[in-house]
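Chemist: Below: one structure in structure tokens.
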Amino acid sequence: MAQSIYEFNPASFTEIVRANHSFVLTTHINPDGDALGSEIGLAEWLLSIGKSVRIFNHSPIPENYKFLDAERPLIEIFDESKHRNIVLEADVFALLDTNDPDRSKSLSSLLVEHPNTVLIDHHLEPKEFAKARFIDTDATSTGEMIYRLVSDSMNTLGGSITPKSAQGLYVAIMTDTGSFRFPRTDSDILRISADLLDRGADPVRSYNETYNTARVARIKLIGKCLSSLELFFDERLATQVITQADLTEAAAVPEEVDGFVQFPLQVATIEYSIFFLELKEGWKISFRSRGKRSAAEVAKQFGGNGHFNAAGARIFREISYHDLKAEVLVAVERELNKPIS
């Protein structure tokens, strides 16, 4: 199993916050619940202690997460002509929930250029760019890390986890733990979640808004996805695909395939589930594995990374689904043939 990375010093985080006034936060393209909830959770606390905070993202908020930022909106779409100087003049520029500046897309060059960049993340193999790093690859989520950092800093700097902050952090944890069913769910994360409920998070609304507000287009895509299912290596590997033609036919957007890679893991024999999404400029591949089989090791062979059991990659070369799937099959078979220690 991949070696854990732990660079988590709450006292250092407290000092960074104490010593600076203006903060800009950002995250990866196509942000998920952990990315958005972490941004909101941290921003709300910083505001509660009198700091200046802006959140600039490359991508808009997906429909099912808009409830997180509906009241007193914080998140803005980055505009180079309007926001470049604001970012560069901020005391601190923080990247959350991804360890690769390139995944922030239009903000990537500023993350490299800014003199005081902070990274807060829980993924494997961080890129070397940040002046200060807060990394715990054993954390369930970036939201969990923000909770721990903020809770510790409140002892010195005060402030509060507001109901909006609590809601964001709860959704961050809920989504990245698979609604509290993934392996790293333990009593500590449940206690953190309970505290967030006490501070104003609504568990019923969180689940319903996140998972039960889909359009009909998503349901149509689920049918397409399941009909594409193929099994290999004695039903140890499952593949699924959604193409651009499928998206067009269903009048859907790429974000509506979220979670499709999980479907085959309901089958007892499956050790790897691979989901292919055709993009306008290439392919996005989602890798999931079970137990001691590494999804990250497969993803790395395609320029990707992530967690041990959940990873992803993007392919920007011109290649057919047939040929790309064949390459992935070779990589997965290699992993399946490795003895498990």
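Starting from 1 in every chain, residues are counted up; chains themselves are A, B, ... following the order of the structure tokens, and ligands are numbered from 1 as listed.
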From a DSSP calculation on the backbone, collect every residue of segment 27-81 of chain A in strand (DSSP E) and output the set as number ranges by chain.
Modeler: A: 52-57, 75-77
Chemist: Leaving out segment 94-99 of chain A and any residue of its chain fewer than 3 positions from it, which residues lie within 6 Å of it when counting only C-alpha atoms, given as a list in words?
Modeler: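 My list of contacting residues is Leu25, Thr26, Thr27, Ala35, Thr117, Val118, Leu119, Ile120, Asp121, Pro126, Lys127 and Thr142 of chain A.
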Chemist: Next, write the just-selected residues to a file, as a short mmCIF file (atom, residue, chain, number, x, y, z; two decimals), in the first residue's frame, keeping all heavy atoms as the atom set.
Modeler:
```cif
data_model
loop_
_atom_site.label_atom_id
_atom_site.label_comp_id
_atom_site.auth_asym_id
_atom_site.auth_seq_id
_atom_site.Cartn_x
_atom_site.Cartn_y
_atom_site.Cartn_z
N LEU A 25 -8.81 31.94 -1.80
CA LEU A 25 -8.92 30.48 -1.82
C LEU A 25 -9.33 30.02 -3.21
O LEU A 25 -10.08 30.70 -3.91
CB LEU A 25 -9.96 29.99 -0.82
CG LEU A 25 -9.93 30.57 0.60
CD1 LEU A 25 -11.03 29.93 1.44
CD2 LEU A 25 -8.57 30.37 1.24
N THR A 26 -8.84 28.85 -3.61
CA THR A 26 -9.28 28.24 -4.87
C THR A 26 -9.19 26.73 -4.74
O THR A 26 -8.68 26.19 -3.75
CB THR A 26 -8.47 28.75 -6.07
OG1 THR A 26 -9.14 28.36 -7.28
CG2 THR A 26 -7.06 28.15 -6.08
N THR A 27 -9.69 26.03 -5.78
CA THR A 27 -9.67 24.57 -5.79
C THR A 27 -9.59 24.09 -7.23
O THR A 27 -9.33 24.86 -8.15
CB THR A 27 -10.91 24.01 -5.07
OG1 THR A 27 -10.76 22.59 -4.92
CG2 THR A 27 -12.19 24.32 -5.83
N ALA A 35 -14.36 19.90 -2.24
CA ALA A 35 -13.69 21.14 -2.64
C ALA A 35 -14.50 22.37 -2.22
O ALA A 35 -13.98 23.29 -1.59
CB ALA A 35 -13.47 21.14 -4.16
N THR A 117 2.00 30.91 -1.08
CA THR A 117 0.97 29.94 -1.42
C THR A 117 0.90 28.85 -0.36
O THR A 117 1.91 28.34 0.10
CB THR A 117 1.25 29.30 -2.79
OG1 THR A 117 1.41 30.33 -3.75
CG2 THR A 117 0.11 28.41 -3.22
N VAL A 118 -0.34 28.49 0.01
CA VAL A 118 -0.58 27.45 1.00
C VAL A 118 -1.36 26.31 0.34
O VAL A 118 -2.30 26.55 -0.43
CB VAL A 118 -1.38 28.00 2.20
CG1 VAL A 118 -1.83 26.88 3.13
CG2 VAL A 118 -0.54 29.02 2.97
N LEU A 119 -0.97 25.08 0.64
CA LEU A 119 -1.66 23.90 0.14
C LEU A 119 -2.31 23.16 1.31
O LEU A 119 -1.65 22.88 2.31
CB LEU A 119 -0.66 22.97 -0.57
CG LEU A 119 -1.18 21.57 -0.96
CD1 LEU A 119 -2.28 21.69 -2.02
CD2 LEU A 119 -0.05 20.69 -1.46
N ILE A 120 -3.60 22.84 1.16
CA ILE A 120 -4.31 22.00 2.14
C ILE A 120 -4.99 20.89 1.36
O ILE A 120 -5.92 21.15 0.58
CB ILE A 120 -5.35 22.81 2.96
CG1 ILE A 120 -4.70 24.04 3.61
CG2 ILE A 120 -6.00 21.92 4.01
CD1 ILE A 120 -5.69 24.95 4.32
N ASP A 121 -4.53 19.65 1.57
CA ASP A 121 -5.01 18.58 0.69
C ASP A 121 -4.75 17.21 1.32
O ASP A 121 -3.94 17.07 2.23
CB ASP A 121 -4.31 18.67 -0.66
CG ASP A 121 -4.81 17.64 -1.65
OD1 ASP A 121 -6.03 17.61 -1.89
OD2 ASP A 121 -4.00 16.86 -2.15
N PRO A 126 2.02 15.11 -3.67
CA PRO A 126 1.82 16.54 -3.94
C PRO A 126 2.94 17.13 -4.79
O PRO A 126 4.10 16.76 -4.67
CB PRO A 126 1.81 17.17 -2.54
CG PRO A 126 2.60 16.21 -1.71
CD PRO A 126 2.29 14.85 -2.25
N LYS A 127 2.57 18.08 -5.64
CA LYS A 127 3.57 18.80 -6.44
C LYS A 127 4.29 19.81 -5.54
O LYS A 127 3.72 20.34 -4.58
CB LYS A 127 2.88 19.53 -7.61
CG LYS A 127 2.21 18.59 -8.60
CD LYS A 127 3.21 17.75 -9.34
CE LYS A 127 2.56 16.77 -10.31
NZ LYS A 127 1.87 17.43 -11.41
N THR A 142 -10.59 16.79 2.58
CA THR A 142 -10.02 18.10 2.91
C THR A 142 -10.89 18.79 3.94
O THR A 142 -10.39 19.52 4.81
CB THR A 142 -9.87 18.95 1.65
OG1 THR A 142 -9.04 18.26 0.71
CG2 THR A 142 -9.24 20.31 1.95
#
```
Chemist: Counting only C-alpha atoms, what is within 6 Å of segment 218-232 of chain A, bar same-chain residues fewer than 5 positions away, as a PyMOL selection string?
Modeler: chain A and resi 237-241+256
Chemist: Using atom CA of Ser206 of chain A and atom CA of Phe275 of chain A as the two end points, give the distance in Å to one decimal.
Modeler: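 That distance, rounded to one decimal, is 25.9 Å.
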Chemist: Pick from A:Pro183, A:Gly41, A:Gly159, A:Gly168: nearest to Arg205 of chain A, with only C-alpha atoms counted?
Modeler: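 Among the listed residues, the smallest separation from Arg205 of chain A belongs to A:Gly168.
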Chemist: Rank A:Glu80, A:Glu271, A:Glu113, A:Glu278 by their smallest atom-to-atom distance to Val92 of chain A, using only C-alpha atoms, and report the top residue only.
Modeler: A:Glu113
Chemist: Which neighbours of Pro62 of chain A fall inside 9 Å, counting only C-alpha atoms, when residues of the same chain fewer than 4 positions from it are skipped, and could you give them as a VMD selection string?
Modeler: chain A and resid 30 to 32 66 255
Chemist: Using Å and a single decimal, report how far atom CA of Tyr170 of chain A sits from atom CA of Gly143 of chain A.
Modeler: 7.5 Å
Chemist: Quick one: distance from atom CA of Ser12 of chain A to atom CA of Asn116 of chain A in Å, one decimal?
Modeler: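 Taking atom CA of Ser12 of chain A and atom CA of Asn116 of chain A, their separation equals 13.7 Å.
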